[in-house]
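Pasting work14.cif here (mmCIF, C-alpha atoms):
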data_model
#
loop_
_atom_site.label_atom_id
_atom_site.label_comp_id
_atom_site.auth_asym_id
_atom_site.auth_seq_id
_atom_site.Cartn_x
_atom_site.Cartn_y
_atom_site.Cartn_z
CA MET P 19 -87.94 36.08 11.90
CA THR P 20 -85.24 38.18 13.38
CA ARG P 21 -81.57 38.09 12.50
CA ARG P 22 -80.68 36.46 15.83
CA ALA P 23 -83.07 33.60 15.17
CA TRP P 24 -81.47 32.92 11.82
CA ALA P 25 -78.03 32.84 13.49
CA TRP P 26 -79.19 30.25 16.02
CA ILE P 27 -80.61 28.07 13.27
CA ALA P 28 -77.35 28.21 11.24
CA GLY P 29 -75.25 27.38 14.28
CA GLY P 30 -77.46 24.39 15.02
CA VAL P 31 -77.10 23.05 11.47
CA VAL P 32 -73.28 23.35 11.61
CA ALA P 33 -73.18 21.56 14.96
CA VAL P 34 -75.32 18.71 13.61
CA VAL P 35 -73.00 18.34 10.58
CA VAL P 36 -69.87 18.25 12.76
CA VAL P 37 -71.44 15.61 14.99
CA LEU P 38 -72.37 13.47 12.00
CA ILE P 39 -68.84 13.67 10.58
CA GLY P 40 -67.36 12.66 13.95
CA VAL P 41 -69.74 9.70 14.20
CA TRP P 42 -68.80 8.57 10.66
CA ILE P 43 -65.06 8.75 11.44
CA ALA P 44 -65.51 6.81 14.67
CA VAL P 45 -67.49 4.08 12.88
CA ASN P 46 -65.39 3.69 9.74
CA LEU P 47 -61.79 4.34 10.88
CA HIS P 48 -59.77 2.00 13.11
CA ARG P 49 -56.12 1.87 14.25
CA SER P 50 -53.77 -0.85 13.05
CA GLU P 51 -50.08 -1.57 13.74
CA ARG P 52 -47.53 -2.67 11.14
CA THR P 53 -43.94 -3.75 11.57
CA ARG P 54 -41.53 -2.55 8.92
CA VAL P 55 -38.19 -4.29 8.55
CA PHE P 56 -35.46 -2.02 7.21
CA PRO P 57 -32.46 -3.67 5.54
CA PRO P 58 -29.07 -3.09 7.19
CA ASN P 59 -27.01 -0.21 5.93
CA ALA P 60 -23.77 -0.63 3.99
CA GLU P 61 -21.59 -0.64 7.11
CA ALA P 62 -23.73 -3.29 8.82
CA ARG P 63 -23.74 -5.48 5.69
CA ALA P 64 -19.95 -5.33 5.45
CA ASN P 65 -19.32 -5.82 9.18
CA PRO P 66 -21.47 -8.51 10.87
CA LEU P 67 -19.90 -7.62 14.24
CA LEU P 68 -20.86 -3.94 14.05
CA ALA P 69 -23.47 -4.25 16.83
CA CYS P 70 -21.00 -6.16 19.00
CA SER P 71 -18.40 -3.43 18.47
CA ARG P 72 -20.82 -0.68 19.43
CA VAL P 73 -22.00 -2.47 22.57
CA LEU P 74 -18.44 -2.98 23.82
CA SER P 75 -17.58 0.64 23.07
CA GLU P 76 -20.67 1.90 24.91
CA LEU P 77 -19.76 -0.22 27.93
CA GLY P 78 -16.32 1.36 28.14
CA LEU P 79 -14.08 -0.93 26.07
CA PRO P 80 -12.50 0.93 23.10
CA THR P 81 -13.17 -1.29 20.09
CA THR P 82 -11.96 -1.31 16.49
CA SER P 83 -12.98 -3.58 13.61
CA ALA P 84 -10.99 -5.01 10.72
CA ALA P 85 -11.80 -7.06 7.64
CA PHE P 86 -8.82 -9.37 8.19
CA LEU P 87 -6.17 -10.01 10.78
CA GLY P 88 -3.13 -7.89 10.07
CA GLN P 89 -0.88 -7.13 13.01
CA LEU P 90 -1.78 -8.62 16.38
CA PRO P 91 -2.95 -6.11 19.02
CA PRO P 92 -1.07 -5.61 22.31
CA VAL P 93 -1.38 -8.42 24.83
CA ASP P 94 -3.60 -6.31 27.10
CA HIS P 95 -6.32 -6.28 24.41
CA LEU P 96 -9.21 -8.55 23.51
CA LEU P 97 -9.13 -10.17 20.05
CA VAL P 98 -12.38 -11.51 18.57
CA LEU P 99 -11.67 -13.64 15.50
CA ARG P 100 -14.72 -14.61 13.42
CA THR P 101 -13.37 -17.46 11.30
CA THR P 102 -13.76 -21.08 10.24
CA GLY P 103 -10.00 -21.56 10.31
CA ARG P 104 -9.67 -22.29 6.59
CA LEU P 105 -7.48 -19.29 5.78
CA VAL P 106 -5.48 -19.22 9.02
CA SER P 107 -1.91 -20.23 8.23
CA PRO P 108 0.31 -22.25 10.60
CA VAL P 109 2.45 -19.15 11.10
CA THR P 110 -0.60 -17.14 12.19
CA SER P 111 -1.68 -19.92 14.57
CA SER P 112 1.78 -20.02 16.12
CA ASN P 113 1.76 -16.24 16.57
CA LEU P 114 -1.73 -16.39 18.13
CA LEU P 115 -0.63 -19.08 20.60
CA GLU P 116 2.39 -17.03 21.65
CA TRP P 117 0.19 -13.93 21.94
CA VAL P 118 -2.29 -15.77 24.19
CA ARG P 119 0.46 -17.16 26.39
CA SER P 120 1.85 -13.64 26.79
CA GLY P 121 -1.43 -12.41 28.27
CA GLY P 122 -3.85 -11.84 25.39
CA HIS P 123 -7.48 -12.98 25.35
CA LEU P 124 -8.59 -14.59 22.08
CA ILE P 125 -12.26 -15.30 21.31
CA VAL P 126 -12.70 -17.55 18.26
CA VAL P 127 -16.26 -17.28 16.90
CA CYS P 128 -17.40 -19.59 14.12
CA PRO P 129 -19.73 -17.93 11.55
CA MET P 130 -23.11 -19.60 11.09
CA ASP P 131 -24.64 -18.04 8.01
CA ASP P 132 -26.66 -20.09 5.57
CA GLY P 133 -23.74 -20.81 3.26
CA THR P 134 -21.46 -22.02 6.07
CA ARG P 135 -23.52 -24.52 8.05
CA THR P 136 -23.54 -27.37 5.52
CA ALA P 137 -19.85 -26.90 4.72
CA LEU P 138 -18.98 -26.92 8.43
CA ARG P 139 -20.93 -30.13 9.03
CA ASP P 140 -19.06 -31.81 6.17
CA ASP P 141 -15.70 -30.54 7.45
CA ILE P 142 -16.44 -31.88 10.93
CA LYS P 143 -17.38 -35.31 9.54
CA ASP P 144 -14.19 -35.37 7.44
CA GLY P 145 -12.10 -34.21 10.38
CA THR P 146 -10.77 -31.20 8.46
CA LEU P 147 -12.29 -28.42 10.55
CA ALA P 148 -9.47 -26.76 12.53
CA LEU P 149 -10.26 -23.57 14.41
CA PRO P 150 -7.22 -21.55 15.51
CA LEU P 151 -5.58 -22.99 18.69
CA ALA P 152 -8.25 -25.70 19.06
CA GLU P 153 -5.83 -28.57 18.54
CA GLU P 154 -3.10 -26.94 20.65
CA LEU P 155 -5.47 -26.58 23.64
CA GLY P 156 -7.09 -30.02 23.38
CA VAL P 157 -10.43 -28.88 21.93
CA GLU P 158 -12.12 -31.18 19.40
CA CYS P 159 -14.85 -29.98 17.02
CA VAL P 160 -17.96 -32.20 17.04
CA THR P 161 -21.53 -31.98 15.74
CA THR P 162 -24.82 -31.71 17.62
CA ASN P 163 -28.26 -32.99 16.72
CA GLY P 164 -30.11 -29.74 17.38
CA LYS P 165 -29.98 -26.75 15.07
CA SER P 166 -30.73 -24.19 17.80
CA ASP P 167 -29.97 -24.54 21.51
CA GLU P 168 -30.50 -22.21 24.45
CA CYS P 169 -27.65 -22.88 26.85
CA ALA P 170 -26.64 -21.45 30.19
CA VAL P 171 -23.10 -20.11 30.30
CA GLU P 172 -21.77 -20.53 33.84
CA PHE P 173 -19.79 -17.58 35.12
CA ASP P 174 -18.53 -17.15 38.68
CA ASP P 175 -21.52 -15.27 40.08
CA GLU P 176 -24.47 -16.35 37.91
CA ASP P 177 -25.49 -17.92 34.62
CA SER P 178 -26.36 -16.20 31.35
CA THR P 179 -28.72 -17.69 28.78
CA VAL P 180 -27.37 -17.72 25.24
CA ARG P 181 -28.98 -19.11 22.08
CA PHE P 182 -26.62 -20.99 19.77
CA GLU P 183 -27.39 -22.02 16.19
CA GLY P 184 -25.81 -24.48 13.82
CA PRO P 185 -24.33 -27.97 14.15
CA LEU P 186 -20.96 -27.09 15.73
CA ALA P 187 -19.98 -27.97 19.32
CA PHE P 188 -16.74 -28.61 21.21
CA ASP P 189 -15.38 -31.51 23.21
CA ASP P 190 -13.06 -30.43 26.02
CA THR P 191 -10.88 -33.53 25.91
CA ASP P 192 -8.39 -32.26 28.51
CA LYS P 193 -11.12 -30.87 30.83
CA ARG P 194 -9.35 -27.51 31.15
CA ALA P 195 -12.32 -25.18 30.61
CA ASP P 196 -13.23 -22.94 33.56
CA VAL P 197 -16.18 -21.26 31.77
CA ALA P 198 -18.35 -23.45 29.57
CA THR P 199 -21.77 -24.75 28.66
CA TYR P 200 -22.59 -28.31 29.63
CA PRO P 201 -22.09 -31.14 28.89
CA LEU P 202 -18.40 -30.64 28.17
CA GLU P 203 -18.50 -33.39 25.52
CA SER P 204 -20.69 -31.15 23.32
CA ALA P 205 -20.20 -27.67 24.73
CA ARG P 206 -21.28 -24.70 22.68
CA LEU P 207 -18.83 -22.39 24.46
CA LEU P 208 -15.47 -23.13 26.10
CA SER P 209 -13.02 -20.75 27.75
CA ILE P 210 -9.58 -22.07 28.65
CA SER P 211 -6.83 -20.32 30.59
CA GLU P 212 -3.42 -20.71 28.92
CA ASP P 213 -0.36 -19.45 30.79
CA ARG P 214 -0.99 -15.69 31.33
CA GLY P 215 -3.75 -15.42 28.72
CA ARG P 216 -7.01 -17.03 27.69
CA ALA P 217 -8.64 -18.59 24.63
CA THR P 218 -12.42 -18.84 24.21
CA PHE P 219 -14.19 -20.92 21.56
CA VAL P 220 -17.74 -20.02 20.55
CA ALA P 221 -19.70 -22.38 18.27
CA SER P 222 -22.03 -19.77 16.74
CA ASP P 223 -21.98 -16.05 16.01
CA ALA P 224 -25.79 -15.72 15.79
CA TRP P 225 -26.06 -14.25 19.29
CA ILE P 226 -23.58 -11.40 18.70
CA VAL P 227 -24.50 -10.31 15.16
CA ARG P 228 -27.07 -7.60 14.43
CA LYS P 229 -30.39 -8.02 16.24
CA GLY P 230 -29.36 -11.29 17.95
CA LEU P 231 -27.33 -9.28 20.45
CA GLY P 232 -30.50 -7.86 21.98
CA GLU P 233 -32.10 -11.22 22.78
CA HIS P 234 -31.85 -13.23 26.03
CA ASP P 235 -28.66 -12.44 27.98
CA HIS P 236 -26.49 -12.08 24.91
CA ALA P 237 -25.10 -8.59 25.57
CA GLU P 238 -24.44 -9.45 29.21
CA ALA P 239 -22.68 -12.70 28.29
CA LEU P 240 -20.53 -10.86 25.73
CA TRP P 241 -19.43 -8.30 28.29
CA ARG P 242 -18.64 -10.99 30.87
CA LEU P 243 -16.55 -12.90 28.34
CA ALA P 244 -14.63 -9.70 27.55
CA GLN P 245 -13.94 -9.17 31.25
CA LEU P 246 -13.05 -12.75 32.26
CA ASP P 247 -9.47 -11.94 33.20
CA GLY P 248 -10.11 -8.37 34.28
CA PRO P 249 -10.54 -5.10 32.34
CA ARG P 250 -8.89 -4.84 28.95
CA ALA P 251 -7.27 -1.78 27.39
CA GLY P 252 -9.06 -2.29 24.06
CA ALA P 253 -10.56 -4.79 21.66
CA LEU P 254 -10.02 -5.75 18.02
CA LEU P 255 -12.88 -7.46 16.16
CA VAL P 256 -11.91 -9.28 12.96
CA TYR P 257 -15.07 -10.12 11.02
CA GLY P 258 -13.67 -11.49 7.74
CA GLU P 259 -11.57 -14.44 6.57
CA ARG P 260 -9.83 -12.71 3.69
CA ALA P 261 -6.11 -13.40 3.69
CA PRO P 262 -3.77 -10.39 3.85
CA GLY P 263 -2.84 -9.00 0.43
CA LEU P 264 0.58 -8.96 -1.14
CA LEU P 265 1.28 -5.34 -0.22
CA THR P 266 0.32 -6.03 3.41
CA LEU P 267 2.64 -9.04 3.60
CA ILE P 268 5.49 -7.10 1.99
CA ALA P 269 5.01 -4.17 4.36
CA ARG P 270 4.91 -6.53 7.34
CA TYR P 271 7.77 -8.91 6.52
CA GLY P 272 9.78 -7.29 3.72
CA TRP P 273 10.11 -3.67 4.80
CA MET P 274 13.87 -4.05 5.39
CA VAL P 275 14.35 -5.24 1.80
CA LEU P 276 12.27 -2.34 0.49
CA VAL P 277 14.26 0.19 2.52
CA SER P 278 17.56 -1.30 1.36
CA ALA P 279 16.44 -1.26 -2.27
CA GLY P 280 15.30 2.36 -1.91
CA VAL P 281 18.65 3.42 -0.43
CA ALA P 282 20.54 1.57 -3.20
CA ILE P 283 18.46 3.25 -5.92
CA ALA P 284 18.94 6.67 -4.32
CA LEU P 285 22.71 6.17 -4.13
CA TYR P 286 22.82 5.01 -7.75
CA PHE P 287 20.98 8.06 -9.04
CA ALA P 288 23.11 10.31 -6.82
CA ARG P 289 26.23 8.83 -8.39
CA VAL P 290 25.18 8.85 -12.03
CA GLY P 291 23.38 12.17 -11.72
CA ALA P 292 26.35 14.15 -10.37
CA ARG P 293 27.71 16.85 -12.77
CA PHE P 294 31.45 17.08 -13.30
CA GLY P 295 32.96 20.37 -14.45
CA PRO P 296 31.22 23.49 -15.74
CA PRO P 297 28.13 23.19 -17.91
CA LEU P 298 28.77 22.95 -21.65
CA VAL P 299 27.85 25.92 -23.76
CA ALA P 300 25.24 25.11 -26.37
CA LEU P 301 26.68 25.34 -29.87
CA ASP P 302 25.00 27.42 -32.50
CA ASP P 303 22.94 25.40 -34.92
CA VAL P 304 24.70 26.58 -38.10
CA ARG P 305 25.57 24.78 -41.32
CA ARG P 306 29.32 24.14 -41.63
CA ASP P 307 31.37 24.25 -44.82
CA PHE P 308 31.91 20.92 -46.57
CA SER P 309 35.66 21.43 -46.53
CA GLU P 310 35.57 21.31 -42.73
CA HIS P 311 34.07 17.83 -42.88
CA VAL P 312 36.74 16.76 -45.40
CA TYR P 313 39.47 18.15 -43.16
CA ALA P 314 37.96 16.43 -40.08
CA THR P 315 37.79 13.12 -41.96
CA GLY P 316 41.41 13.39 -43.04
CA GLU P 317 42.51 14.30 -39.54
CA PHE P 318 40.67 11.27 -38.20
CA LEU P 319 42.36 8.92 -40.70
CA VAL P 320 45.79 10.37 -39.96
CA ARG P 321 45.26 10.03 -36.20
CA HIS P 322 44.45 6.34 -36.68
CA GLY P 323 47.41 5.64 -39.04
CA ALA P 324 45.34 5.26 -42.23
CA THR P 325 47.56 7.49 -44.47
CA ALA P 326 47.46 4.95 -47.33
CA ALA P 327 43.72 5.57 -47.71
CA LEU P 328 44.35 9.33 -48.02
CA LEU P 329 47.03 8.87 -50.71
CA GLU P 330 44.99 6.41 -52.77
CA ALA P 331 42.88 9.11 -54.46
CA PRO P 332 45.72 11.42 -55.71
CA ARG P 333 47.78 8.40 -56.87
CA LYS P 334 44.79 7.06 -58.80
CA GLU P 335 44.28 10.47 -60.43
CA LEU P 336 48.00 10.60 -61.39
CA ARG P 337 47.82 7.18 -63.09
CA ARG P 338 44.67 8.19 -64.98
CA LYS P 339 46.26 11.35 -66.38
CA LEU P 340 49.43 9.43 -67.19
CA HIS P 341 47.43 7.05 -69.48
CA VAL P 342 45.75 10.00 -71.17
CA THR P 343 48.67 12.36 -71.75
CA ARG P 344 51.72 10.02 -71.83
CA PRO P 345 50.58 6.50 -72.69
CA ASP P 346 54.15 5.73 -73.71
CA LEU P 347 55.20 6.04 -70.06
CA ALA P 348 52.25 4.21 -68.50
CA ASP P 349 53.58 0.69 -69.15
CA LEU P 350 57.22 1.32 -68.18
CA PRO P 351 58.75 -0.57 -65.24
CA ARG P 352 58.80 1.22 -61.91
CA GLU P 353 62.46 2.30 -62.04
CA GLN P 354 62.21 3.69 -65.60
CA LEU P 355 58.90 5.41 -64.77
CA THR P 356 60.47 6.99 -61.71
CA ARG P 357 63.39 8.39 -63.73
CA ALA P 358 61.09 9.64 -66.50
CA LEU P 359 58.77 11.46 -64.05
CA SER P 360 61.79 12.89 -62.23
CA GLU P 361 63.12 14.39 -65.48
CA ILE P 362 59.71 15.78 -66.44
CA SER P 363 58.86 17.33 -63.03
CA ARG P 364 62.50 18.06 -62.01
CA LEU P 365 61.86 16.36 -58.63
CA ASP P 366 64.40 14.14 -56.91
CA ALA P 367 63.96 10.46 -57.83
CA ARG P 368 63.59 9.45 -54.16
CA ARG P 369 60.70 11.91 -53.72
CA VAL P 370 59.02 10.59 -56.88
CA GLU P 371 59.39 6.98 -55.71
CA ARG P 372 58.01 7.90 -52.24
CA ALA P 373 55.04 9.64 -53.83
CA LEU P 374 54.21 6.69 -56.07
CA GLU P 375 54.83 3.60 -53.92
CA THR P 376 55.36 4.27 -50.20
CA LYS P 377 52.43 3.00 -48.10
CA ASP P 378 53.39 3.93 -44.54
CA VAL P 379 53.97 7.67 -44.66
CA ALA P 380 54.63 9.53 -41.42
CA GLU P 381 52.24 12.25 -40.43
CA ALA P 382 54.94 14.88 -40.73
CA GLU P 383 55.72 13.84 -44.39
CA LEU P 384 52.09 13.44 -45.53
CA GLU P 385 51.68 17.03 -46.65
CA LEU P 386 54.95 16.88 -48.64
CA VAL P 387 53.94 13.65 -50.39
CA VAL P 388 50.57 15.11 -51.39
CA ARG P 389 52.33 18.20 -52.73
CA ASP P 390 54.75 16.05 -54.80
CA LEU P 391 51.82 14.12 -56.30
CA HIS P 392 50.20 17.41 -57.24
CA MET P 393 53.41 18.61 -58.92
CA LEU P 394 53.74 15.36 -60.85
CA ARG P 395 50.16 15.62 -62.08
CA ASN P 396 50.67 19.20 -63.24
CA ALA P 397 53.91 18.29 -65.04
CA LEU P 398 52.20 15.78 -67.32
#

Here is a file; write its structure as C-alpha cells.
Amino acid sequence: MTRRAWAWIAGGVVAVVVVLIGVWIAVNLHRSERTRVFPPNAEARANPLLACSRVLSELGLPTTSAAFLGQLPPVDHLLVLRTTGRLVSPVTSSNLLEWVRSGGHLIVVCPMDDGTRTALRDDIKDGTLALPLAEELGVECVTTNGKSDECAVEFDDEDSTVRFEGPLAFDDTDKRADVATYPLESARLLSISEDRGRATFVASDAWIVRKGLGEHDHAEALWRLAQLDGPRAGALLVYGERAPGLLTLIARYGWMVLVSAGVAIALYFARVGARFGPPLVALDDVRRDFSEHVYATGEFLVRHGATAALLEAPRKELRRKLHVTRPDLADLPREQLTRALSEISRLDARRVERALETKDVAEAELELVVRDLHMLRNAL
C-alpha cells in the first residue's frame, strides 16, 4: 500500500473516534440549573434599609442612613423611622410632631422580623404599643387575623400592590387618611396630612427590606410615598432603635456647659501659669559648711524672738563648769553669786546679772550677752 492510502486510513480512524466521543458526551451529559443564595454582606446585615436607600438614591432622592435618630433633618426632607416606639422618648415625639407640622414628611415603619412579631402582638393586646405620633394623630394600633396580606395602596392616579406581613394594622379613628389601604378599621398603611407636613404609618417593613423591595409594586409604592407632597430635597433613613449615647446627648444639649467649662479651665491655667519677674538662676548643688546652718538657725530664732532658747546652752555650760571648778559658789544665792562672779571676771554686776538671768534680750544686746557668758566661763 502506498503512503497516501495509509494517511486516508489514519484520518478515518481519528474521525470515527471523535464521533464516538461526541456521541458519548451527548448521551451521558445533561444541563441542570441551580440557585445559590448568597448571605448579605456586612453593610446589608447592619442596615436592613440599605436596598431602600439605594433605590431612592437611584431615582434622584439623595438618601443617607443612620443607626439611630440624632438631629432631625430639615423640614424639606423625608424621614423614614423604622421603630416599634419603645425607645422613643416623649421629648423626641414632641420634636417629631413639631417637625411634621413645619413641613416634614415622616414615615414610621414597624419592623417585622421573627423576634418582633410575638412581642408586638402582646403589646397590642396590652395596649402598650405606641408608635411615634400615632396617638397625637388619632391612629390606633390593632391586630389582624392574617399573617401576610397583599393590599392595594390607593394613590391619586392608580393603585399599587404591596405585600404586608405580621399582625399589626391601624385604625384611622378620626378618618383623616388621604392615602390608605382598606378597610380603614384595619389598614396596613395610613398617610395623614398634618398642617404643612405629613405622617405615614406602615405596618410592616418586609416590602422595603432587602429582596422584598423587588416584588410586586413595592419600589413604585415607596417612590410614590416619598413624593406624596411633592419632591423632597433629601431623605434620612433611621434603621435602628438604639437610644443616643451619653456623648451624643451632651454634644446636643450640653455644648454650652462644655464650652463654658473649657473657657474657665483655660482662664485658670492662664492665671496660675503666668510667670512674674525674671527666671531664677539655678543654684549650684554644693555642700555647705555646717556653721552656715548653725548661723541660719540662730538668725531664724532671733527673727522670731526666741533669744532665750539661744542663751540656754551657754548658761547651762556655765553652771556645769561652776559646779566642777568652784562648787563653793554653786549653791550661793543669786545676789552673792553675782557679786562673786563680778569680782572673778572683773565685769560689772549688772552685766553679770543680765548674762545669768535675763530672758528677753534685745537683738542688739544678744551678741554682748553671749560674749559676757564666754568671759565668765573662761574666768572660772

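When all atoms listed in the file are used to compute distances to P:Thr376, the closest of the residues P:Ala397, P:Leu347, P:Leu105, P:Ala327 turns out to be P:Ala327.
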
Exactly which residues make up the result of the PyMOL selection byres ((chain P and resi 187-201) around 8) on this file, given as a PDB file with C-alpha atoms, in the frame of the given file?
ATOM      1  CA  GLY P 156      -7.090 -30.020  23.380  1.00  0.00           C
ATOM      2  CA  VAL P 157     -10.430 -28.880  21.930  1.00  0.00           C
ATOM      3  CA  GLU P 158     -12.120 -31.180  19.400  1.00  0.00           C
ATOM      4  CA  CYS P 159     -14.850 -29.980  17.020  1.00  0.00           C
ATOM      5  CA  VAL P 160     -17.960 -32.200  17.040  1.00  0.00           C
ATOM      6  CA  THR P 161     -21.530 -31.980  15.740  1.00  0.00           C
ATOM      7  CA  THR P 162     -24.820 -31.710  17.620  1.00  0.00           C
ATOM      8  CA  CYS P 169     -27.650 -22.880  26.850  1.00  0.00           C
ATOM      9  CA  ALA P 170     -26.640 -21.450  30.190  1.00  0.00           C
ATOM     10  CA  VAL P 171     -23.100 -20.110  30.300  1.00  0.00           C
ATOM     11  CA  GLU P 172     -21.770 -20.530  33.840  1.00  0.00           C
ATOM     12  CA  PHE P 173     -19.790 -17.580  35.120  1.00  0.00           C
ATOM     13  CA  PRO P 185     -24.330 -27.970  14.150  1.00  0.00           C
ATOM     14  CA  LEU P 186     -20.960 -27.090  15.730  1.00  0.00           C
ATOM     15  CA  LEU P 202     -18.400 -30.640  28.170  1.00  0.00           C
ATOM     16  CA  GLU P 203     -18.500 -33.390  25.520  1.00  0.00           C
ATOM     17  CA  SER P 204     -20.690 -31.150  23.320  1.00  0.00           C
ATOM     18  CA  ALA P 205     -20.200 -27.670  24.730  1.00  0.00           C
ATOM     19  CA  ARG P 206     -21.280 -24.700  22.680  1.00  0.00           C
ATOM     20  CA  LEU P 207     -18.830 -22.390  24.460  1.00  0.00           C
ATOM     21  CA  LEU P 208     -15.470 -23.130  26.100  1.00  0.00           C
ATOM     22  CA  SER P 209     -13.020 -20.750  27.750  1.00  0.00           C
ATOM     23  CA  ILE P 210      -9.580 -22.070  28.650  1.00  0.00           C
ATOM     24  CA  SER P 211      -6.830 -20.320  30.590  1.00  0.00           C
ATOM     25  CA  ALA P 221     -19.700 -22.380  18.270  1.00  0.00           C
TER      26      ALA P 221
END

**Request:** Grab the atom CA of P:Asp247 to atom CA of P:Leu90 distance for me, in Å with one decimal place.
**Result:**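 Atom CA of P:Leu90 lies 18.8 Å from atom CA of P:Asp247.
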
**Prompt:** When you draw a straight line from atom CA of P:Leu365 to atom CA of P:Glu353, how long is it in Å?
**Reply:**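 We find that atom CA of P:Leu365 and atom CA of P:Glu353 lie 14.5 Å from each other.
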
**Request:** Quick one: apply the PyMOL selection byres ((chain P and resi 147) around 12) to the file and drop the selected residues here as a PyMOL selection string.
**Result:** chain P and resi 101-106+128+137-146+148-153+157-161+186-188

**Message:** List as a ChimeraX atom specification the protein and nucleic acid residues near P:Val387, meaning an atom at most 8 Å away when all atoms listed in the file are counted, but skip any in the same chain fewer than 2 places from it.
**Reply:** /P:369,372-373,383-385,389-391

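Residues matched by the PyMOL selection byres ((chain P and resi 233-244) around 6) in this file: Ser178, Thr179, Val180, Gly230, Leu231, Gly232, Gln245 and Leu246 of chain P.
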
**Request:** Kindly give the distance, in Å, that separates atom CA of P:Ala324 and atom CA of P:Ala380, rounded to a single decimal.
**Result:**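 It comes out at 10.3 Å.
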
**Request:** For P:Ala326, work out the shell of residues within 10 Å, counting all atoms listed in the file and skipping chain neighbours fewer than 6 positions away, then give it as an NGL selection string.
**Result:** :P and (319-320 or 375-379 or 384)
